[in-house]
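Asker: What follows is data.cif, mmCIF, C-alpha atoms.
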data_run
loop_
_atom_site.label_atom_id
_atom_site.label_comp_id
_atom_site.auth_asym_id
_atom_site.auth_seq_id
_atom_site.Cartn_x
_atom_site.Cartn_y
_atom_site.Cartn_z
CA MET A 1 57.09 129.36 117.67
CA ALA A 2 58.96 126.32 118.86
CA GLY A 3 56.55 125.43 121.63
CA PRO A 4 53.40 124.74 119.62
CA LYS A 5 55.35 122.85 116.97
CA THR A 6 56.85 120.42 119.44
CA ALA A 7 53.46 120.06 121.04
CA LYS A 8 51.93 119.29 117.68
CA LEU A 9 54.65 116.82 116.84
CA SER A 10 54.48 115.10 120.19
CA SER A 11 50.75 114.49 120.00
CA PRO A 12 50.52 112.41 116.77
CA PRO A 13 52.63 109.39 117.89
CA THR A 14 49.95 108.44 120.33
CA THR A 15 47.33 108.28 117.59
CA THR A 16 49.26 107.34 114.44
CA PRO A 17 50.27 103.74 115.07
CA PRO A 18 46.70 102.45 115.11
CA GLU A 19 45.90 104.50 112.01
CA THR A 20 48.86 103.25 110.00
CA SER A 21 48.38 99.70 111.14
CA VAL A 22 44.75 99.93 110.18
CA ALA A 23 45.69 101.31 106.79
CA VAL A 24 48.27 98.61 106.24
CA SER A 25 45.95 95.85 107.27
CA MET A 26 43.20 97.23 105.05
CA LEU A 27 45.62 97.39 102.16
CA TRP A 28 46.70 93.84 102.82
CA GLU A 29 43.12 92.59 103.01
CA SER A 30 42.05 94.27 99.85
CA TYR A 31 45.15 92.94 98.13
CA MET A 32 44.43 89.42 99.28
CA GLN A 33 40.81 89.65 98.22
CA GLN A 34 40.97 91.55 94.96
CA THR A 35 44.22 90.48 93.35
CA PRO A 36 43.97 87.55 90.95
CA ASN A 37 45.99 84.49 91.90
CA ARG A 38 48.17 84.78 88.80
CA LEU A 39 49.30 88.22 89.84
CA LYS A 40 49.96 86.92 93.33
CA LEU A 41 52.27 84.32 91.83
CA ILE A 42 54.15 87.06 90.04
CA ASP A 43 54.26 89.15 93.21
CA ALA A 44 55.71 86.23 95.13
CA PHE A 45 58.36 85.89 92.46
CA LEU A 46 59.10 89.64 92.70
CA ALA A 47 59.47 89.37 96.46
CA PHE A 48 61.82 86.44 95.98
CA ILE A 49 63.94 88.48 93.54
CA VAL A 50 64.12 91.45 95.91
CA LEU A 51 65.15 89.29 98.86
CA SER A 52 67.73 87.48 96.76
CA GLY A 53 69.24 90.72 95.48
CA VAL A 54 69.28 92.29 98.93
CA THR A 55 71.08 89.34 100.52
CA GLN A 56 73.68 89.38 97.76
CA PHE A 57 74.23 93.09 98.26
CA VAL A 58 74.50 92.66 101.99
CA TYR A 59 77.09 89.95 101.47
CA CYS A 60 79.04 92.24 99.15
CA VAL A 61 78.99 95.10 101.65
CA LEU A 62 79.57 93.11 104.83
CA VAL A 63 81.93 90.32 103.77
CA THR A 64 83.68 90.74 100.44
CA ASN A 65 83.09 91.50 96.82
CA PHE A 66 85.94 89.15 95.91
CA PRO A 67 84.62 87.33 92.90
CA PHE A 68 83.39 90.73 91.76
CA ASN A 69 82.19 89.44 88.41
CA ALA A 70 80.09 86.83 90.20
CA PHE A 71 78.57 89.51 92.42
CA LEU A 72 77.89 91.72 89.41
CA SER A 73 76.20 88.96 87.49
CA GLY A 74 74.17 87.78 90.47
CA PHE A 75 73.05 91.25 91.51
CA GLY A 76 72.52 92.29 87.90
CA SER A 77 70.41 89.24 87.21
CA SER A 78 68.25 90.13 90.22
CA ILE A 79 67.71 93.65 88.96
CA GLY A 80 67.14 92.61 85.36
CA GLN A 81 64.77 89.85 86.28
CA PHE A 82 62.86 92.22 88.56
CA VAL A 83 62.44 94.72 85.74
CA LEU A 84 61.31 92.04 83.29
CA THR A 85 58.90 90.50 85.77
CA ALA A 86 57.49 93.86 86.80
CA SER A 87 56.78 94.74 83.20
CA LEU A 88 55.16 91.33 82.72
CA ARG A 89 52.98 92.00 85.73
CA ALA A 90 52.00 95.41 84.43
CA GLN A 91 51.06 94.01 81.05
CA VAL A 92 49.03 91.03 82.25
CA ASN A 93 47.18 92.96 84.93
CA PRO A 94 43.49 93.06 83.87
CA GLN A 95 43.18 96.55 85.36
CA ASN A 96 45.78 97.85 82.92
CA ARG A 97 43.99 96.40 79.93
CA SER A 98 43.14 99.89 78.64
CA GLU A 99 46.81 100.86 78.56
CA PHE A 100 48.03 97.73 76.80
CA LYS A 101 45.27 97.18 74.28
CA ASP A 102 47.58 95.74 71.65
CA VAL A 103 49.52 93.51 74.03
CA SER A 104 47.87 90.25 74.86
CA PRO A 105 49.05 88.38 77.99
CA GLU A 106 50.57 85.72 75.70
CA ARG A 107 52.57 88.35 73.85
CA ALA A 108 53.70 89.75 77.19
CA PHE A 109 54.82 86.32 78.30
CA ALA A 110 56.71 85.76 75.03
CA ASP A 111 58.51 89.07 75.56
CA PHE A 112 59.26 88.05 79.13
CA ALA A 113 60.70 84.71 78.00
CA LEU A 114 62.84 86.26 75.27
CA GLY A 115 64.08 89.02 77.57
CA SER A 116 64.89 86.50 80.28
CA ILE A 117 66.93 84.35 77.90
CA VAL A 118 68.94 87.34 76.70
CA LEU A 119 69.44 88.50 80.29
CA HIS A 120 70.58 85.04 81.40
CA PHE A 121 72.99 84.92 78.47
CA PHE A 122 74.68 88.06 79.75
CA VAL A 123 74.54 86.87 83.32
CA PHE A 124 76.31 83.62 82.50
CA ASN A 125 78.72 85.55 80.34
CA PHE A 126 79.74 87.63 83.36
CA LEU A 127 79.70 84.78 85.82
CA GLY A 128 83.23 83.79 84.78
CA MET B 1 154.76 74.14 16.76
CA ILE B 2 158.16 74.41 18.35
CA PRO B 3 158.52 78.21 18.02
CA ARG B 4 155.12 78.66 19.55
CA ILE B 5 155.99 76.60 22.63
CA THR B 6 159.17 78.56 23.18
CA PHE B 7 157.21 81.78 22.85
CA HIS B 8 154.81 80.70 25.54
CA LEU B 9 157.62 79.54 27.75
CA SER B 10 159.38 82.82 27.42
CA TRP B 11 156.29 84.63 28.62
CA LEU B 12 156.07 82.34 31.60
CA VAL B 13 159.67 83.00 32.46
CA ILE B 14 159.13 86.72 32.26
CA ALA B 15 156.03 86.51 34.41
CA ALA B 16 157.86 84.43 36.99
CA GLY B 17 160.73 86.88 36.99
CA VAL B 18 158.46 89.83 37.49
CA HIS B 19 156.63 88.06 40.26
CA ALA B 20 159.82 87.28 42.01
CA ALA B 21 160.83 90.92 41.99
CA THR B 22 160.50 92.59 45.40
CA LEU B 23 159.77 96.10 46.43
CA SER B 24 162.14 97.98 48.63
CA LEU B 25 162.33 101.35 50.27
CA GLN B 26 164.90 103.89 49.13
CA SER B 27 166.04 106.73 51.32
CA PRO B 28 163.21 106.89 53.81
CA ARG B 29 163.50 110.17 55.61
CA VAL B 30 161.56 111.56 58.54
CA THR B 31 161.39 115.17 59.55
CA ILE B 32 159.72 116.72 62.53
CA SER B 33 159.14 120.44 62.57
CA SER B 34 157.27 122.62 64.97
CA SER B 35 154.34 124.79 64.01
CA ASP B 36 156.60 127.79 63.35
CA ALA B 37 158.54 125.73 60.76
CA THR B 38 161.66 125.24 62.91
CA GLN B 39 163.04 121.83 62.21
CA LEU B 40 163.31 119.76 65.35
CA LEU B 41 164.56 116.54 63.84
CA SER B 42 165.57 115.28 60.47
CA ASP B 43 166.80 111.77 60.10
CA THR B 44 167.26 109.02 57.58
CA LEU B 45 165.71 105.83 58.75
CA PRO B 46 168.03 102.88 58.93
CA SER B 47 166.61 100.06 56.87
CA ILE B 48 167.47 97.21 59.25
CA LYS B 49 167.66 98.50 62.79
CA ARG B 50 164.68 100.00 64.42
CA PRO B 51 165.39 103.59 65.38
CA GLU B 52 164.76 105.24 68.71
CA PRO B 53 161.12 106.21 69.27
CA LEU B 54 160.18 109.60 67.91
CA THR B 55 158.19 112.11 69.88
CA LEU B 56 155.64 114.41 68.33
CA GLY B 57 154.40 117.53 70.10
CA ALA B 58 150.89 118.79 70.19
CA SER B 59 151.34 121.12 67.22
CA ASP B 60 154.31 119.48 65.48
CA ILE B 61 154.34 118.28 61.93
CA LEU B 62 155.84 114.95 60.94
CA LYS B 63 156.99 114.52 57.35
CA LEU B 64 157.89 111.17 55.91
CA THR B 65 159.39 110.86 52.43
CA PHE B 66 160.54 107.75 50.69
CA GLN B 67 160.85 106.17 47.28
CA VAL B 68 159.65 102.71 46.37
CA THR B 69 162.06 100.90 44.07
CA GLU B 70 162.24 97.50 42.53
CA ASN B 71 164.87 95.13 43.92
CA GLY B 72 166.66 97.97 45.61
CA GLU B 73 167.70 99.51 42.29
CA GLY B 74 167.25 103.11 41.36
CA LYS B 75 164.21 102.66 39.20
CA GLY B 76 161.12 103.70 41.09
CA VAL B 77 157.84 101.86 40.78
CA GLN B 78 154.36 102.73 41.89
CA PRO B 79 152.86 100.04 44.10
CA HIS B 80 149.16 99.52 43.75
CA GLN B 81 148.51 99.97 47.40
CA THR B 82 150.50 101.91 49.98
CA PHE B 83 149.43 102.26 53.54
CA LEU B 84 150.84 103.60 56.75
CA ARG B 85 149.66 101.71 59.78
CA PHE B 86 149.57 103.19 63.28
CA TYR B 87 149.17 100.46 65.85
CA ASP B 88 148.84 100.44 69.60
CA SER B 89 149.87 96.92 70.57
CA VAL B 90 148.41 97.19 74.09
CA SER B 91 144.94 98.49 73.34
CA GLY B 92 144.80 96.83 69.91
CA GLU B 93 143.66 100.07 68.29
CA GLU B 94 145.01 100.76 64.86
CA GLY B 95 144.66 103.34 62.13
CA ILE B 96 145.33 102.86 58.42
CA GLN B 97 146.28 105.85 56.34
CA PRO B 98 146.64 105.51 52.54
CA VAL B 99 149.71 107.25 51.09
CA ARG B 100 149.88 108.73 47.66
CA VAL B 101 152.82 107.48 45.56
CA THR B 102 153.82 109.10 42.28
CA PRO B 103 154.43 106.95 39.18
CA GLY B 104 158.10 107.49 39.84
CA GLY B 105 157.74 105.75 43.20
CA LYS B 106 158.16 108.87 45.29
CA ALA B 107 155.87 109.44 48.24
CA LYS B 108 155.44 112.14 50.78
CA PHE B 109 153.32 111.85 53.90
CA GLU B 110 152.59 114.61 56.32
CA LEU B 111 151.09 114.23 59.77
CA ASN B 112 150.05 117.53 61.31
CA MET B 113 149.19 117.07 64.95
CA ALA B 114 147.33 120.36 65.01
CA ARG B 115 144.84 118.72 62.69
CA PRO B 116 145.27 114.98 63.20
CA PRO B 117 143.70 112.75 60.53
CA ALA B 118 140.66 110.71 61.42
CA SER B 119 142.59 107.52 60.76
CA LEU B 120 144.89 108.13 63.74
CA PRO B 121 143.78 105.77 66.51
CA PRO B 122 143.04 106.98 70.04
CA THR B 123 146.37 107.43 71.76
CA THR B 124 147.62 107.10 75.29
CA ASP B 125 151.08 107.66 76.75
CA ARG B 126 152.22 104.54 74.90
CA PRO B 127 153.91 104.87 71.53
CA LEU B 128 152.25 103.87 68.27
CA ALA B 129 154.10 101.43 66.06
CA VAL B 130 154.26 102.92 62.57
CA SER B 131 154.69 100.52 59.69
CA LEU B 132 154.49 100.82 55.94
CA ILE B 133 152.57 98.24 53.93
CA LEU B 134 153.09 97.92 50.21
CA GLY B 135 150.86 95.82 47.97
CA SER B 136 151.26 95.13 44.30
CA PHE B 137 149.80 92.87 41.65
CA VAL B 138 153.19 91.97 40.23
CA HIS B 139 155.49 92.19 43.24
CA ASP B 140 155.65 90.41 46.51
CA PRO B 141 153.95 92.33 49.26
CA ALA B 142 156.23 94.14 51.64
CA LYS B 143 155.92 95.44 55.15
CA TYR B 144 158.39 97.73 56.88
CA ASP B 145 158.32 98.55 60.55
CA LEU B 146 159.48 102.13 60.39
CA PHE B 147 159.60 103.52 63.91
CA ASP B 148 157.70 104.01 67.15
CA LEU B 149 156.00 107.32 67.56
CA TYR B 150 154.94 109.09 70.72
CA VAL B 151 151.89 111.19 70.01
CA PRO B 152 150.12 113.49 72.47
CA THR B 153 147.40 111.72 74.34
CA SER B 154 144.12 112.06 72.57
CA SER B 155 141.27 113.55 74.51
CA THR B 156 138.55 111.23 75.58
CA PRO B 157 135.89 111.07 72.90
CA ALA B 158 132.68 112.92 73.56
CA PRO B 159 129.90 110.48 74.45
CA HIS B 160 127.56 109.68 71.61
CA PRO B 161 124.08 111.17 72.05
CA ASP B 162 122.57 107.68 71.91
CA GLU B 163 125.19 106.25 74.22
CA ALA B 164 122.82 106.12 77.18
CA SER B 165 120.47 103.78 75.38
CA PHE B 166 123.14 101.11 75.04
CA HIS B 167 123.42 100.37 78.73
CA VAL B 168 121.72 97.59 80.56
CA LEU B 169 118.45 98.88 81.92
CA PRO B 170 117.58 98.28 85.56
CA PRO B 171 115.47 95.15 85.90
CA ILE B 172 111.76 95.76 85.82
CA VAL B 173 110.11 94.94 89.11
CA HIS B 174 106.39 94.27 89.07
CA THR B 175 104.35 94.93 92.14
CA PHE B 176 101.12 93.04 92.35
CA ARG B 177 98.25 93.65 94.61
CA PRO B 178 97.95 90.94 97.24
CA GLU B 179 95.77 88.04 96.24
CA GLN B 180 92.18 88.53 97.34
CA LYS B 181 91.11 86.05 99.94
CA LEU B 182 87.93 84.10 100.28
CA PRO B 183 86.15 84.59 103.58
CA PRO B 184 86.20 81.80 106.18
CA LYS B 185 84.14 78.77 105.31
CA VAL B 186 81.58 79.37 108.04
CA VAL B 187 80.79 82.84 106.73
CA SER B 188 80.56 81.51 103.20
CA ILE B 189 78.15 78.77 104.26
CA VAL B 190 75.97 81.13 106.32
CA PHE B 191 75.66 83.61 103.49
CA ALA B 192 75.11 80.90 100.91
CA ALA B 193 72.17 79.72 103.04
CA LEU B 194 70.96 83.32 103.37
CA VAL B 195 71.14 83.92 99.62
CA LEU B 196 69.36 80.65 98.91
CA SER B 197 66.70 81.20 101.60
CA PRO B 198 64.44 83.30 99.32
CA TRP B 199 63.83 80.11 97.35
CA ALA B 200 62.12 78.63 100.38
CA ILE B 201 60.05 81.78 100.76
CA LEU B 202 59.14 81.71 97.07
CA LEU B 203 58.09 78.06 97.15
CA GLY B 204 56.18 78.63 100.40
CA LEU B 205 54.30 81.59 98.97
CA TRP B 206 53.49 79.76 95.77
CA GLY B 207 52.28 76.79 97.78
CA LYS B 208 50.09 79.10 99.85
CA ILE B 209 48.63 80.81 96.79
CA GLY B 210 48.07 77.45 95.18
CA LEU B 211 50.27 77.07 92.15
CA SER B 212 48.62 74.76 89.68
CA VAL B 213 49.83 73.99 86.19
CA PRO B 214 47.13 71.79 84.73
CA HIS B 215 48.27 72.28 81.14
CA LEU B 216 52.01 71.85 81.67
CA VAL B 217 52.07 68.33 80.22
CA SER B 218 49.71 69.19 77.39
CA PRO B 219 51.45 68.33 74.07
CA ARG B 220 50.94 71.86 72.85
CA ILE B 221 52.56 73.51 75.88
CA LEU B 222 55.25 71.03 76.87
CA PRO B 223 57.56 71.58 73.82
CA PHE B 224 57.74 75.32 74.54
CA THR B 225 58.54 74.81 78.20
CA ALA B 226 61.08 72.14 77.36
CA LEU B 227 62.78 74.35 74.79
CA LEU B 228 62.96 77.26 77.24
CA GLY B 229 64.54 74.82 79.69
CA ALA B 230 66.95 73.75 76.95
CA PHE B 231 68.00 77.37 76.54
CA GLU B 232 68.81 77.60 80.22
CA VAL B 233 70.73 74.33 80.06
CA LEU B 234 72.68 75.70 77.09
CA LEU B 235 73.56 78.83 79.05
CA VAL B 236 74.70 76.76 82.01
CA ARG B 237 76.85 74.72 79.61
CA TYR B 238 78.24 78.03 78.37
CA TRP B 239 79.26 78.83 81.92
CA VAL B 240 80.81 75.39 82.37
CA GLY B 241 82.87 75.24 79.22
CA LEU B 242 81.37 76.14 75.86
CA LYS B 243 82.86 78.86 73.70
CA LEU B 244 80.91 81.97 72.73
CA GLY B 245 80.70 80.98 69.07
CA GLN B 246 79.33 77.55 69.94
CA VAL B 247 76.72 79.05 72.25
CA LEU B 248 75.57 81.50 69.59
CA LEU B 249 75.42 78.71 67.00
CA TYR B 250 73.48 76.29 69.20
CA GLY B 251 71.30 79.12 70.46
CA GLY B 252 70.49 80.12 66.90
CA ILE B 253 69.60 76.54 66.04
CA LEU B 254 67.53 76.19 69.21
CA ALA B 255 65.71 79.48 68.55
CA ILE B 256 63.94 78.20 65.43
CA PRO B 257 61.91 75.36 67.04
CA THR B 258 61.39 77.54 70.11
CA ILE B 259 59.71 80.23 68.03
CA PHE B 260 57.29 77.73 66.49
CA ALA B 261 56.64 75.91 69.75
CA GLY B 262 56.07 79.23 71.49
CA LYS B 263 53.64 80.37 68.84
CA THR B 264 51.64 77.15 69.13
CA ALA B 265 51.68 77.13 72.92
CA LEU B 266 50.76 80.79 73.36
CA ALA B 267 48.08 80.61 70.67
CA THR B 268 46.60 77.66 72.54
CA THR B 269 46.59 79.45 75.87
CA GLY B 270 45.07 82.46 74.10
CA GLU B 271 42.23 80.28 72.86
CA TRP B 272 41.68 78.87 76.33
CA ARG B 273 41.60 82.38 77.76
CA ALA B 274 39.08 83.49 75.12
CA GLY B 275 36.95 80.42 75.83
CA LYS B 276 37.02 81.12 79.52
CA HIS B 277 35.96 84.70 79.20
#
Turn the structure described in the file into structure tokens.

Answerer:
Amino acid sequence: MAGPKTAKLSSPPTTTPPETSVAVSMLWESYMQQTPNRLKLIDAFLAFIVLSGVTQFVYCVLVTNFPFNAFLSGFGSSIGQFVLTASLRAQVNPQNRSEFKDVSPERAFADFALGSIVLHFFVFNFLG
Amino acid sequence: MIPRITFHLSWLVIAAGVHAATLSLQSPRVTISSSDATQLLSDTLPSIKRPEPLTLGASDILKLTFQVTENGEGKGVQPHQTFLRFYDSVSGEEGIQPVRVTPGGKAKFELNMARPPASLPPTTDRPLAVSLILGSFVHDPAKYDLFDLYVPTSSTPAPHPDEASFHVLPPIVHTFRPEQKLPPKVVSIVFAALVLSPWAILLGLWGKIGLSVPHLVSPRILPFTALLGAFEVLLVRYWVGLKLGQVLLYGGILAIPTIFAGKTALATTGEWRAGKH
């Protein structure tokens, strides 16, 4: 029972890396070609938020959480802004038009702006 | 007129005479008997010399009889106030016991040590000085030091149930957690650069994608953007020093033009989008 399994498991590594790399590169190409520039802007912003939140979390884990309120507000603002931006992206994506028939991109942006202001109010409130 | 004046004068003279009258003690007598009624001591108190101290046993009964008279004559009077005072000159404790005097001036006081009165002060092995105080509206007050009295030592009083709460409490000692420390400056700087580095990535990506804002300075868009910026400035001011009420007030004021500017700006972009499509 154990023999064939290990044999099966040992064989894929030789073939998988090219397959996954091919899949990833194909995904990347199609993303670069088919995604509108506006969505790419939003995606860049999302990546920025993720990196920013991760570095803050790493700092909290590795060094100190000393001004804990500052960490909470910084990390919370990353999360909140990510959620707001992701929902903006979902609503302005032309491919999702069927799901958000009543929500125009302008309406989505107004929601995003309002939500961001409320979020920043709480963030600055916690910042101390 | 003249008879009237003499009448008044006579009253004054009488009043003065009455006031001058003094009270005195007649035949003060002290008796000590034990609980089985055997008389241990019976003595007339000398009026001038202080007698030898008397000793009272744990279950003995002391009887004191006397008559209050006016000016040392036989006619008894009833003073308005009559007290026996028991005084410990060392501890300063004293007890005042009112004595009942008949209209004829006769008085009888009984001190039963088996059931001591509450007015008896706490006693030690020292004697109590017993004195008689007489007060009257029409006579001069009088005080007689009768005798010294040894009384059995009183037991220590039982502590009051609330007694414990009248002591000084031990001082309260607060223990605080040690102050949290900031990391070394180098670490702070490195991580500040790390946390800020995504900005460079963001700007690089946006530059690569080609961020263009052709309508940013358009008069229909600019007010909205500026007002959103004003909101952020307000929130930063809140962090720096504004109070919550002020922020809410200014934010409420700022919200009104922002709503209109936003409507105009987004309606404009909507039109452009419709025109494009």

Asker: Determine, counting all atoms listed in the file, every residue of protein, DNA or RNA that lies within 8 Å of (73.1, 84.7, 87.9) in the file coordinates, then give the result as a list in words.

Answerer: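 Nearby residues: Ala70, Ser73, Gly74, Phe75, Gly76, Ser77, Ser78, His120, Val123, Phe124 and Leu127 of chain A.
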
Asker: Please return, as a PDB file with C-alpha atoms, in the frame of the given file, all residues of chain A lying within 9 Å of chain B when only C-alpha atoms are considered.

Answerer:
ATOM      1  CA  ASN A  37      45.990  84.490  91.900  1.00  0.00           C
ATOM      2  CA  ARG A  38      48.170  84.780  88.800  1.00  0.00           C
ATOM      3  CA  LYS A  40      49.960  86.920  93.330  1.00  0.00           C
ATOM      4  CA  LEU A  41      52.270  84.320  91.830  1.00  0.00           C
ATOM      5  CA  ALA A  44      55.710  86.230  95.130  1.00  0.00           C
ATOM      6  CA  PHE A  45      58.360  85.890  92.460  1.00  0.00           C
ATOM      7  CA  ALA A  47      59.470  89.370  96.460  1.00  0.00           C
ATOM      8  CA  PHE A  48      61.820  86.440  95.980  1.00  0.00           C
ATOM      9  CA  ILE A  49      63.940  88.480  93.540  1.00  0.00           C
ATOM     10  CA  VAL A  50      64.120  91.450  95.910  1.00  0.00           C
ATOM     11  CA  LEU A  51      65.150  89.290  98.860  1.00  0.00           C
ATOM     12  CA  SER A  52      67.730  87.480  96.760  1.00  0.00           C
ATOM     13  CA  GLY A  53      69.240  90.720  95.480  1.00  0.00           C
ATOM     14  CA  VAL A  54      69.280  92.290  98.930  1.00  0.00           C
ATOM     15  CA  THR A  55      71.080  89.340 100.520  1.00  0.00           C
ATOM     16  CA  GLN A  56      73.680  89.380  97.760  1.00  0.00           C
ATOM     17  CA  TYR A  59      77.090  89.950 101.470  1.00  0.00           C
ATOM     18  CA  VAL A  63      81.930  90.320 103.770  1.00  0.00           C
ATOM     19  CA  THR A  64      83.680  90.740 100.440  1.00  0.00           C
ATOM     20  CA  PHE A  66      85.940  89.150  95.910  1.00  0.00           C
ATOM     21  CA  PRO A  67      84.620  87.330  92.900  1.00  0.00           C
ATOM     22  CA  SER A 104      47.870  90.250  74.860  1.00  0.00           C
ATOM     23  CA  PRO A 105      49.050  88.380  77.990  1.00  0.00           C
ATOM     24  CA  GLU A 106      50.570  85.720  75.700  1.00  0.00           C
ATOM     25  CA  ARG A 107      52.570  88.350  73.850  1.00  0.00           C
ATOM     26  CA  PHE A 109      54.820  86.320  78.300  1.00  0.00           C
ATOM     27  CA  ALA A 110      56.710  85.760  75.030  1.00  0.00           C
ATOM     28  CA  ALA A 113      60.700  84.710  78.000  1.00  0.00           C
ATOM     29  CA  ILE A 117      66.930  84.350  77.900  1.00  0.00           C
ATOM     30  CA  HIS A 120      70.580  85.040  81.400  1.00  0.00           C
ATOM     31  CA  PHE A 121      72.990  84.920  78.470  1.00  0.00           C
ATOM     32  CA  PHE A 124      76.310  83.620  82.500  1.00  0.00           C
ATOM     33  CA  ASN A 125      78.720  85.550  80.340  1.00  0.00           C
ATOM     34  CA  PHE A 126      79.740  87.630  83.360  1.00  0.00           C
ATOM     35  CA  LEU A 127      79.700  84.780  85.820  1.00  0.00           C
ATOM     36  CA  GLY A 128      83.230  83.790  84.780  1.00  0.00           C
TER      37      GLY A 128
END

Asker: What would the list of residues within 12 Å of (146.7, 105.5, 67.9) (file frame) look like as JSON, numbers by chain, if all atoms listed in the file are what count?

Answerer: {"B": [85, 86, 87, 88, 89, 90, 91, 92, 93, 94, 95, 96, 97, 116, 117, 118, 119, 120, 121, 122, 123, 124, 125, 126, 127, 128, 129, 130, 148, 149, 150, 151, 152, 153, 154, 155]}

Asker: Which residues come within 9 Å of Thr69 in chain B, counting all atoms listed in the file, excluding same-chain residues fewer than 4 positions away, as a list in words?

Answerer: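 Within the cut-off, the hits are Thr22, Leu23, Ser24, Leu25, Gln26, Glu73, Gly74, Lys75, Gly76, Val77, Gln78, Gly104, Gly105 and Lys106 of chain B.
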
Asker: Please evaluate the PyMOL selection byres ((chain B and resi 113) around 6) against the structure above and give the resulting residues as a JSON list (two decimals) with C-alpha atoms, in the coordinates of the input.

Answerer:
[["chain", "number", "residue", "atom", "x", "y", "z"],
["B", 58, "ALA", "CA", 150.89, 118.79, 70.19],
["B", 59, "SER", "CA", 151.34, 121.12, 67.22],
["B", 60, "ASP", "CA", 154.31, 119.48, 65.48],
["B", 112, "ASN", "CA", 150.05, 117.53, 61.31],
["B", 114, "ALA", "CA", 147.33, 120.36, 65.01],
["B", 115, "ARG", "CA", 144.84, 118.72, 62.69],
["B", 116, "PRO", "CA", 145.27, 114.98, 63.20]]

Asker: CA of Ser30 in chain A and CA of Phe82 in chain A are how many Å apart?

Answerer: 23.8 Å
